[in-house]
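Undergrad: So here's model.csv, just CSV, C-alpha atoms:
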chain,number,residue,atom,x,y,z
Y,1,MET,CA,0.0,0.0,0.0
Y,2,ALA,CA,2.6,2.5,1.0
Y,3,LEU,CA,4.5,2.0,-2.2
Y,4,PHE,CA,1.4,2.5,-4.3
Y,5,VAL,CA,0.4,5.7,-2.3
Y,6,ALA,CA,3.9,7.1,-2.8
Y,7,ALA,CA,3.8,6.6,-6.5
Y,8,VAL,CA,0.4,8.2,-6.9
Y,9,LEU,CA,1.2,11.1,-4.5
Y,10,PHE,CA,4.5,11.8,-6.4
Y,11,ALA,CA,2.5,12.1,-9.6
Y,12,GLY,CA,-0.2,14.0,-7.9
Y,13,ALA,CA,2.3,16.4,-6.4
Y,14,ALA,CA,3.5,17.1,-9.9
Y,15,ALA,CA,-0.1,17.7,-11.0
Y,16,ALA,CA,-0.8,20.0,-8.1
Y,17,ALA,CA,2.8,21.5,-8.1
Y,18,ASP,CA,2.9,20.8,-4.3
Y,19,SER,CA,5.1,18.1,-2.9
Y,20,SER,CA,5.4,19.3,0.7
Y,21,LEU,CA,4.9,17.0,3.7
Y,22,ASP,CA,3.8,18.1,7.1
Y,23,GLU,CA,5.2,16.9,10.4
Y,24,VAL,CA,2.8,16.0,13.2
Y,25,VAL,CA,2.9,18.0,16.5
Y,26,VAL,CA,4.6,16.0,19.2
Y,27,THR,CA,3.9,15.9,23.0
Y,28,GLY,CA,5.5,13.8,25.7
Y,29,ALA,CA,2.3,12.2,26.9
Y,30,ARG,CA,2.4,8.3,27.1
Y,31,THR,CA,0.0,5.7,25.6
Y,32,GLY,CA,0.0,6.7,22.0
Y,33,PRO,CA,0.3,4.7,18.8
Y,34,PRO,CA,1.2,1.0,19.1
Y,35,LEU,CA,4.8,-0.2,19.5
Y,36,TRP,CA,5.8,-3.8,18.9
Y,37,GLN,CA,8.8,-5.2,20.7
Y,38,VAL,CA,10.9,-7.7,18.9
Y,39,ARG,CA,13.7,-9.6,20.7
Y,40,GLY,CA,16.7,-10.7,18.8
Y,41,THR,CA,19.2,-13.6,19.0
Y,42,ALA,CA,21.9,-11.5,20.6
Y,43,PRO,CA,21.3,-11.2,24.4
Y,44,THR,CA,20.8,-7.4,24.3
Y,45,ALA,CA,19.1,-7.1,20.9
Y,46,THR,CA,15.7,-5.4,20.9
Y,47,VAL,CA,13.9,-3.6,18.1
Y,48,TRP,CA,10.8,-1.5,18.9
Y,49,ILE,CA,8.6,-1.0,15.9
Y,50,LEU,CA,6.2,2.0,15.5
Y,51,GLY,CA,3.5,1.3,12.9
Y,52,THR,CA,2.1,4.3,11.1
Y,53,VAL,CA,-1.1,5.0,9.2
Y,54,SER,CA,-2.4,7.5,6.7
Y,55,PRO,CA,-4.4,9.7,6.5
Y,56,LEU,CA,-4.3,11.4,9.9
Y,57,PRO,CA,-6.3,14.3,11.3
Y,58,ALA,CA,-4.8,17.6,10.1
Y,59,GLY,CA,-3.0,19.4,12.9
Y,60,MET,CA,-3.1,16.3,15.2
Y,61,THR,CA,-1.0,16.1,18.3
Y,62,TRP,CA,1.0,12.8,18.5
Y,63,ARG,CA,1.5,11.5,22.0
Y,64,ALA,CA,5.0,10.3,21.6
Y,65,GLY,CA,5.9,9.5,25.2
Y,66,ASP,CA,6.5,5.8,24.5
Y,67,VAL,CA,8.8,6.6,21.6
Y,68,LEU,CA,10.7,9.1,23.7
Y,69,HIS,CA,11.1,6.5,26.5
Y,70,VAL,CA,12.6,4.0,24.0
Y,71,LEU,CA,14.8,6.7,22.4
Y,72,ALA,CA,16.4,7.4,25.8
Y,73,SER,CA,18.2,4.1,25.6
Y,74,ALA,CA,18.2,3.4,21.8
Y,75,ASP,CA,21.4,3.0,19.8
Y,76,SER,CA,19.7,3.7,16.5
Y,77,VAL,CA,16.5,4.7,14.7
Y,78,LEU,CA,15.5,2.8,11.5
Y,79,LEU,CA,13.7,5.0,8.9
Y,80,ALA,CA,12.9,4.7,5.3
Y,81,LYS,CA,15.1,6.9,3.1
Y,82,PRO,CA,12.9,9.9,2.3
Y,83,ARG,CA,11.3,10.1,-1.1
Y,84,GLU,CA,11.2,13.7,-2.4
Y,85,ILE,CA,10.0,15.5,-5.5
Y,86,THR,CA,11.2,19.1,-5.6
Y,87,LEU,CA,9.0,21.8,-7.1
Y,88,PRO,CA,11.4,22.1,-10.2
Y,89,ARG,CA,11.2,18.3,-10.6
Y,90,ALA,CA,7.4,18.5,-10.5
Y,91,PHE,CA,7.3,21.1,-13.2
Y,92,TRP,CA,9.8,19.1,-15.3
Y,93,MET,CA,7.5,16.1,-15.0
Y,94,LEU,CA,4.6,18.2,-16.3
Y,95,LEU,CA,6.7,19.2,-19.3
Y,96,THR,CA,8.5,16.0,-20.2
Y,97,GLN,CA,6.6,13.1,-18.7
Y,98,ARG,CA,3.0,13.9,-19.3
Y,99,ASP,CA,2.1,10.3,-19.8
Y,100,LEU,CA,2.6,9.8,-16.1
Y,101,LEU,CA,-0.2,12.3,-15.5
Y,102,MET,CA,-2.4,12.8,-18.5
Y,103,LEU,CA,-4.5,10.6,-20.7
Y,104,PRO,CA,-3.1,10.2,-24.2
Y,105,GLY,CA,-4.4,11.6,-27.5
Y,106,GLY,CA,-6.4,14.4,-25.9
Y,107,LYS,CA,-8.8,11.9,-24.3
Y,108,THR,CA,-10.9,12.7,-21.2
Y,109,LEU,CA,-12.1,10.6,-18.3
Y,110,ALA,CA,-15.5,10.4,-20.0
Y,111,ASP,CA,-13.8,8.7,-22.9
Y,112,VAL,CA,-12.0,6.0,-21.0
Y,113,LEU,CA,-14.1,5.1,-17.9
Y,114,PRO,CA,-17.2,2.9,-17.8
Y,115,ALA,CA,-20.2,5.1,-17.8
Y,116,ASP,CA,-21.4,4.2,-14.3
Y,117,LEU,CA,-18.0,4.8,-12.8
Y,118,TYR,CA,-17.6,8.1,-14.6
Y,119,ALA,CA,-21.1,9.2,-13.3
Y,120,ARG,CA,-20.1,8.3,-9.7
Y,121,PHE,CA,-16.8,10.2,-10.1
Y,122,CYS,CA,-18.6,13.3,-11.4
Y,123,ALA,CA,-21.1,13.1,-8.5
Y,124,GLU,CA,-18.3,13.2,-5.9
Y,125,ARG,CA,-16.4,15.8,-7.8
Y,126,THR,CA,-19.5,18.1,-7.7
Y,127,ARG,CA,-20.2,17.2,-4.1
Y,128,TYR,CA,-16.7,18.6,-3.2
Y,129,GLY,CA,-17.2,21.8,-5.1
Y,130,GLN,CA,-15.1,21.1,-8.2
Y,131,GLY,CA,-16.1,22.2,-11.7
Y,132,PRO,CA,-17.4,19.8,-14.4
Y,133,ARG,CA,-14.1,19.8,-16.3
Y,134,LYS,CA,-11.8,19.5,-13.2
Y,135,TRP,CA,-9.2,16.7,-13.7
Y,136,GLU,CA,-10.9,15.5,-16.9
Y,137,ARG,CA,-7.7,15.0,-18.8
Y,138,TYR,CA,-5.8,13.3,-16.0
Y,139,ARG,CA,-5.2,9.6,-15.8
Y,140,PRO,CA,-7.9,7.9,-13.6
Y,141,LEU,CA,-5.4,7.2,-10.8
Y,142,ILE,CA,-4.2,10.8,-10.7
Y,143,ALA,CA,-7.7,12.2,-10.9
Y,144,GLY,CA,-8.8,9.9,-8.1
Y,145,ALA,CA,-5.8,10.8,-5.9
Y,146,LEU,CA,-6.6,14.5,-6.4
Y,147,LEU,CA,-10.3,14.0,-5.7
Y,148,GLU,CA,-9.5,12.0,-2.5
Y,149,GLU,CA,-7.1,14.7,-1.3
Y,150,VAL,CA,-9.8,17.4,-1.6
Y,151,ALA,CA,-12.4,15.1,0.1
Y,152,LEU,CA,-10.0,14.3,3.0
Y,153,GLU,CA,-9.1,17.9,3.5
Y,154,ALA,CA,-12.9,18.8,3.7
Y,155,HIS,CA,-13.1,16.2,6.5
Y,156,GLY,CA,-10.1,17.4,8.3
Y,157,LEU,CA,-7.8,14.6,7.3
Y,158,SER,CA,-4.4,14.7,5.5
Y,159,GLN,CA,-2.2,12.2,3.7
Y,160,ARG,CA,0.7,14.6,4.0
Y,161,LEU,CA,1.3,14.2,7.7
Y,162,ASP,CA,4.5,12.2,8.1
Y,163,VAL,CA,5.3,10.7,11.5
Y,164,SER,CA,8.7,9.6,10.3
Y,165,LEU,CA,9.7,13.2,10.0
Y,166,ALA,CA,8.9,13.8,13.6
Y,167,VAL,CA,10.8,10.7,14.7
Y,168,ARG,CA,13.8,11.8,12.6
Y,169,ARG,CA,13.8,15.2,14.4
Y,170,LEU,CA,13.5,13.5,17.8
Y,171,ALA,CA,16.4,11.2,16.9
Y,172,HIS,CA,18.6,14.3,16.1
Y,173,GLU,CA,17.5,16.0,19.3
Y,174,HIS,CA,18.4,13.0,21.4
Y,175,HIS,CA,21.7,12.3,19.4
Y,176,VAL,CA,20.6,8.9,18.3
Y,177,ALA,CA,22.0,7.5,15.0
Y,178,ILE,CA,19.7,7.1,12.1
Y,179,ASP,CA,20.0,4.0,9.9
Y,180,GLU,CA,18.1,4.5,6.7
Y,181,VAL,CA,16.4,1.6,4.9
Y,182,LYS,CA,17.0,1.8,1.1
Y,183,ILE,CA,13.6,1.5,-0.6
Y,184,PRO,CA,12.6,2.1,-4.2
Y,185,ALA,CA,13.3,5.7,-5.3
Y,186,ALA,CA,11.0,8.1,-7.1
Y,187,PRO,CA,12.1,7.1,-10.6
Y,188,ASP,CA,11.3,3.4,-9.9
Y,189,LEU,CA,7.9,4.2,-8.5
Y,190,LEU,CA,7.0,6.5,-11.4
Y,191,ALA,CA,8.1,3.8,-13.9
Y,192,ALA,CA,5.9,1.3,-12.2
Y,193,LEU,CA,3.0,3.8,-12.2
Y,194,ARG,CA,3.5,4.4,-15.9
Y,195,GLY,CA,3.1,0.7,-16.6
Y,196,ILE,CA,-0.3,0.1,-14.8
Y,197,ASP,CA,-2.9,-1.0,-17.3
Y,198,ALA,CA,-6.2,0.8,-18.0
Y,199,GLY,CA,-8.4,-1.8,-16.4
Y,200,THR,CA,-6.4,-1.7,-13.1
Y,201,GLU,CA,-6.6,2.1,-13.1
Y,202,SER,CA,-10.4,2.0,-13.4
Y,203,GLU,CA,-10.7,-0.6,-10.6
Y,204,CYS,CA,-8.5,1.6,-8.4
Y,205,LEU,CA,-10.5,4.7,-9.2
Y,206,ALA,CA,-13.7,2.8,-8.3
Y,207,ALA,CA,-12.2,1.9,-4.9
Y,208,ILE,CA,-11.2,5.6,-4.4
Y,209,VAL,CA,-14.6,6.9,-5.4
Y,210,ALA,CA,-16.3,4.4,-2.9
Y,211,THR,CA,-14.0,5.7,-0.2
Y,212,VAL,CA,-14.7,9.3,-1.0
Y,213,ALA,CA,-18.5,8.6,-1.0
Y,214,ASP,CA,-18.8,6.5,2.1
Y,215,GLY,CA,-15.5,5.5,3.6
Y,216,ILE,CA,-14.0,8.6,5.1
Y,217,PRO,CA,-15.6,8.1,8.5
Y,218,LEU,CA,-13.7,4.7,8.6
Y,219,LEU,CA,-10.5,6.4,7.8
Y,220,ARG,CA,-11.0,8.9,10.6
Y,221,GLU,CA,-11.8,5.9,12.9
Y,222,ARG,CA,-8.6,4.2,11.9
Y,223,ALA,CA,-6.6,7.3,12.5
Y,224,LEU,CA,-8.1,7.7,16.0
Y,225,ALA,CA,-7.5,4.0,16.8
Y,226,TRP,CA,-3.9,4.5,15.8
Y,227,SER,CA,-3.5,7.5,18.0
Y,228,ARG,CA,-4.9,5.5,21.0
Y,229,GLY,CA,-2.8,2.5,20.3
Y,230,ASP,CA,-5.9,0.3,19.7
Y,231,LEU,CA,-4.3,-2.5,17.6
Y,232,GLU,CA,-7.4,-4.7,17.9
Y,233,LYS,CA,-9.5,-1.9,16.3
Y,234,LEU,CA,-7.0,-1.3,13.6
Y,235,ARG,CA,-7.0,-5.0,12.6
Y,236,ALA,CA,-10.8,-5.1,12.6
Y,237,LEU,CA,-11.4,-2.1,10.3
Y,238,PRO,CA,-11.9,-2.7,6.5
Y,239,ALA,CA,-9.1,-2.1,4.1
Y,240,SER,CA,-8.7,1.4,2.7
Y,241,SER,CA,-9.0,2.3,-1.0
Y,242,GLU,CA,-5.2,2.4,-1.2
Y,243,ALA,CA,-4.9,-1.1,0.2
Y,244,THR,CA,-7.4,-2.3,-2.4
Y,245,CYS,CA,-5.5,-0.6,-5.2
Y,246,ALA,CA,-2.2,-1.9,-3.9
Y,247,THR,CA,-3.5,-5.5,-4.2
Y,248,LEU,CA,-4.5,-4.8,-7.8
Y,249,VAL,CA,-1.3,-3.0,-8.7
Y,250,ALA,CA,0.8,-5.8,-7.1
Y,251,ALA,CA,-0.4,-8.1,-9.8
Y,252,ASP,CA,1.7,-6.1,-12.3
Y,253,THR,CA,5.2,-7.6,-12.4
Y,254,ARG,CA,7.1,-4.4,-12.1
Y,255,ALA,CA,5.0,-2.9,-9.3
Y,256,GLY,CA,4.8,-6.3,-7.5
Y,257,ASN,CA,8.6,-6.6,-7.6
Y,258,LEU,CA,8.9,-3.1,-6.0
Y,259,LEU,CA,6.5,-4.1,-3.3
Y,260,ALA,CA,8.4,-7.3,-2.6
Y,261,LEU,CA,11.7,-5.4,-2.6
Y,262,THR,CA,10.4,-2.9,-0.1
Y,263,ARG,CA,9.4,-5.7,2.3
Y,264,HIS,CA,12.7,-7.5,1.7
Y,265,GLU,CA,14.8,-4.4,2.5
Y,266,TRP,CA,12.8,-3.7,5.7
Y,267,LEU,CA,13.1,-7.3,6.8
Y,268,GLU,CA,16.8,-7.4,6.1
Y,269,LYS,CA,17.4,-4.2,8.1
Y,270,LEU,CA,15.3,-5.3,11.1
Y,271,GLU,CA,16.9,-8.7,11.3
Y,272,SER,CA,20.4,-7.4,11.0
Y,273,HIS,CA,19.8,-5.3,14.1
Y,274,LEU,CA,18.2,-8.2,15.9
Y,275,ARG,CA,21.3,-10.3,15.3
Y,276,ALA,CA,23.8,-7.6,16.1
Y,277,GLY,CA,22.6,-6.6,19.5
Y,278,GLY,CA,21.7,-3.2,21.0
Y,279,SER,CA,18.4,-1.4,21.0
Y,280,ALA,CA,16.7,0.3,18.0
Y,281,ILE,CA,13.4,1.7,17.1
Y,282,GLY,CA,11.9,1.4,13.6
Y,283,VAL,CA,9.1,3.4,11.9
Y,284,VAL,CA,7.2,1.3,9.4
Y,285,GLU,CA,3.9,1.7,7.5
Y,286,MET,CA,1.2,-0.4,9.2
Y,287,ASP,CA,0.3,-2.1,6.0
Y,288,LEU,CA,3.8,-3.6,5.7
Y,289,LEU,CA,3.5,-4.9,9.3
Y,290,LEU,CA,0.2,-6.7,9.5
Y,291,GLY,CA,-1.3,-9.7,7.7
Y,292,ASP,CA,-0.1,-13.1,6.8
Y,293,SER,CA,2.6,-11.7,4.5
Y,294,GLY,CA,3.5,-8.8,6.8
Y,295,LEU,CA,6.8,-8.1,8.5
Y,296,MET,CA,5.5,-9.2,11.9
Y,297,ALA,CA,4.6,-12.7,10.6
Y,298,ALA,CA,8.0,-12.9,8.7
Y,299,LEU,CA,9.9,-12.1,11.9
Y,300,ARG,CA,8.0,-14.7,13.9
Y,301,ALA,CA,8.6,-17.3,11.1
Y,302,ASP,CA,12.3,-16.5,11.2
Y,303,GLY,CA,12.4,-17.4,15.0
Y,304,PHE,CA,12.3,-13.9,16.6
Y,305,SER,CA,10.1,-13.2,19.6
Y,306,VAL,CA,7.4,-10.6,18.8
Y,307,VAL,CA,5.5,-9.0,21.6
Y,308,ASP,CA,2.3,-7.2,20.4
Y,309,PRO,CA,1.5,-3.8,21.8
Just dump the structure as structure tokens.

TA:
Amino acid sequence: MALFVAAVLFAGAAAAADSSLDEVVVTGARTGPPLWQVRGTAPTATVWILGTVSPLPAGMTWRAGDVLHVLASADSVLLAKPREITLPRAFWMLLTQRDLLMLPGGKTLADVLPADLYARFCAERTRYGQGPRKWERYRPLIAGALLEEVALEAHGLSQRLDVSLAVRRLAHEHHVAIDEVKIPAAPDLLAALRGIDAGTESECLAAIVATVADGIPLLRERALAWSRGDLEKLRALPASSEATCATLVAADTRAGNLLALTRHEWLEKLESHLRAGGSAIGVVEMDLLLGDSGLMAALRADGFSVVDP
């Protein structure tokens, strides 16, 4: 999911000419988002894992007391290497890589989408105050991402809040070393996005439109469950539109390989720390952690002791 969201947000950032991420406000209060404890083979080896979700309430205050407590004795912080698109790069994409963003041959969404899906998209576009030609020439995935961003903003939610930025800052303040996990870079993500077929795009847009129409209260519920550390609630809630799209996109060989590579790089990094000794804290997207193919299941299968929050 996180890989798919990153690719679409990169392209959406170029379309909107805005690639900024916001950092959540941090307080020292305890009992916040869930932390897993994983014990390694070395006697002193422990990795604490903070799972993150998106979107989050705009302007939310993150109760980071548990993370601060772990940081006080941590040797390192494990973070994904930041993916960034600068404003000049966004404009360059608009000029030179229009196929990432725009439909070919002057087509519009009305030309390429099934009539019923197009009607639902138009209804939500109107509902959120956008004109009848808004996003008409964008690819379905990009149009859907931009519609969802507008809808989330109207409901006080944001996909641009980045908990890892806050943890990175806390690590610097506490003089804790940062060990970055190498994940697919922007060019790899955008190449995968370019190769998604039209049918998959339509199915993803349908999932996004369904979320915009009826699913935003569930996204807010998920964000609140995350902020309270309610793992049981997080597991019980339905998958988001991005998770649905990620499943579809993963069927594509290139995109599926990138998803597998992301999981592999995280697993390698976590297990190297668990074998080496010392204490670390990692910040990982929740969708990479949970489920039968998630990192928690993989760590257990490899013989590590995992203590749920």

Undergrad: Could you check which of Y:Arg220, Y:Arg169, Y:Arg120, Y:Arg98 is closest to His155 of chain Y, using all atoms listed in the file?

TA: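 Nearest candidate to His155 of chain Y out of Y:Arg220, Y:Arg169, Y:Arg120, Y:Arg98: Y:Arg220.
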
Undergrad: Select all residues near (-6.7, 12.8, -11.6) (cut-off 12 Å, inclusive, file coordinates), counting all atoms listed in the file, and output them as a ChimeraX atom specification.

TA: /Y:8-9,11-16,100-103,108-109,121-122,125,133-150,201-202,204-205,208-209

Undergrad: Considering all atoms listed in the file, can you say which of Y:Asp111, Y:Asp197, Y:Ala298, Y:Thr52 comes closest to Gln159 of chain Y?

TA: Y:Thr52

Undergrad: Rounded to one decimal in Å, what is the spacing between atom CA of Asp287 of chain Y and atom CA of Pro34 of chain Y?

TA: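 Computing the Euclidean distance for atom CA of Asp287 of chain Y and atom CA of Pro34 of chain Y yields 13.5 Å.
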
Undergrad: Figure out the distance between atom CA of Leu289 of chain Y and atom CA of Arg194 of chain Y, please, to one decimal in Å.

TA: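 Spanning atom CA of Arg194 of chain Y to atom CA of Leu289 of chain Y is a straight-line distance of 26.9 Å.
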
Undergrad: Neighbouring residues of Ala151 of chain Y were defined as those with any atom within 12 Å, considering only C-alpha atoms; residues of the same chain fewer than 5 positions away were excluded. Please report them as a PyMOL selection string.

TA: chain Y and resi 55+124-130+144-146+156-159+208-217+219

Undergrad: Please produce a file of the residues just selected, as a JSON list (two decimals), in the frame of the given file, where the atoms kept are C-alpha atoms.

TA:
[["chain", "number", "residue", "atom", "x", "y", "z"],
["Y", 55, "PRO", "CA", -4.40, 9.70, 6.50],
["Y", 124, "GLU", "CA", -18.30, 13.20, -5.90],
["Y", 125, "ARG", "CA", -16.40, 15.80, -7.80],
["Y", 126, "THR", "CA", -19.50, 18.10, -7.70],
["Y", 127, "ARG", "CA", -20.20, 17.20, -4.10],
["Y", 128, "TYR", "CA", -16.70, 18.60, -3.20],
["Y", 129, "GLY", "CA", -17.20, 21.80, -5.10],
["Y", 130, "GLN", "CA", -15.10, 21.10, -8.20],
["Y", 144, "GLY", "CA", -8.80, 9.90, -8.10],
["Y", 145, "ALA", "CA", -5.80, 10.80, -5.90],
["Y", 146, "LEU", "CA", -6.60, 14.50, -6.40],
["Y", 156, "GLY", "CA", -10.10, 17.40, 8.30],
["Y", 157, "LEU", "CA", -7.80, 14.60, 7.30],
["Y", 158, "SER", "CA", -4.40, 14.70, 5.50],
["Y", 159, "GLN", "CA", -2.20, 12.20, 3.70],
["Y", 208, "ILE", "CA", -11.20, 5.60, -4.40],
["Y", 209, "VAL", "CA", -14.60, 6.90, -5.40],
["Y", 210, "ALA", "CA", -16.30, 4.40, -2.90],
["Y", 211, "THR", "CA", -14.00, 5.70, -0.20],
["Y", 212, "VAL", "CA", -14.70, 9.30, -1.00],
["Y", 213, "ALA", "CA", -18.50, 8.60, -1.00],
["Y", 214, "ASP", "CA", -18.80, 6.50, 2.10],
["Y", 215, "GLY", "CA", -15.50, 5.50, 3.60],
["Y", 216, "ILE", "CA", -14.00, 8.60, 5.10],
["Y", 217, "PRO", "CA", -15.60, 8.10, 8.50],
["Y", 219, "LEU", "CA", -10.50, 6.40, 7.80]]

Undergrad: Which residue is closest to Val283 of chain Y? Choose from Y:Asn257, Y:Thr244, Y:Ser164, Y:Ser227 and count all atoms listed in the file.

TA: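 Using all atoms listed in the file, the shortest distance to Val283 of chain Y belongs to Y:Ser164.
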
Undergrad: Pick from Y:Arg160, Y:Arg228, Y:Ala206, Y:Ile49: nearest to Tyr118 of chain Y, with only C-alpha atoms counted?

TA: Y:Ala206

Undergrad: Counting only C-alpha atoms, what is within 9 Å of segment 261-275 of chain Y, bar same-chain residues fewer than 6 positions away, as number ranges by chain?

TA: Y: 3, 38-42, 44-47, 78, 80, 179-184, 282, 284, 288, 294-295, 298-299, 304

Undergrad: For Pro33 of chain Y, which residue among Y:Ala225, Y:Val167, Y:Leu190, Y:Val70 is the nearest when counting only C-alpha atoms?

TA: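 The answer is Y:Ala225, which sits nearest to Pro33 of chain Y.
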
Undergrad: Calculate how many Å separate atom CA of Trp36 of chain Y from atom CA of Val307 of chain Y, rounding to one decimal.

TA: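 According to the coordinates, atom CA of Trp36 of chain Y and atom CA of Val307 of chain Y are separated by 5.9 Å.
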
Undergrad: Give the answer as one residue: which of Y:Ala177, Y:Leu117, Y:Leu189, Y:Val163 has the shortest atom-to-atom distance to Val67 of chain Y, using only C-alpha atoms?

TA: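 Closest residue, counting only C-alpha atoms: Y:Val163.
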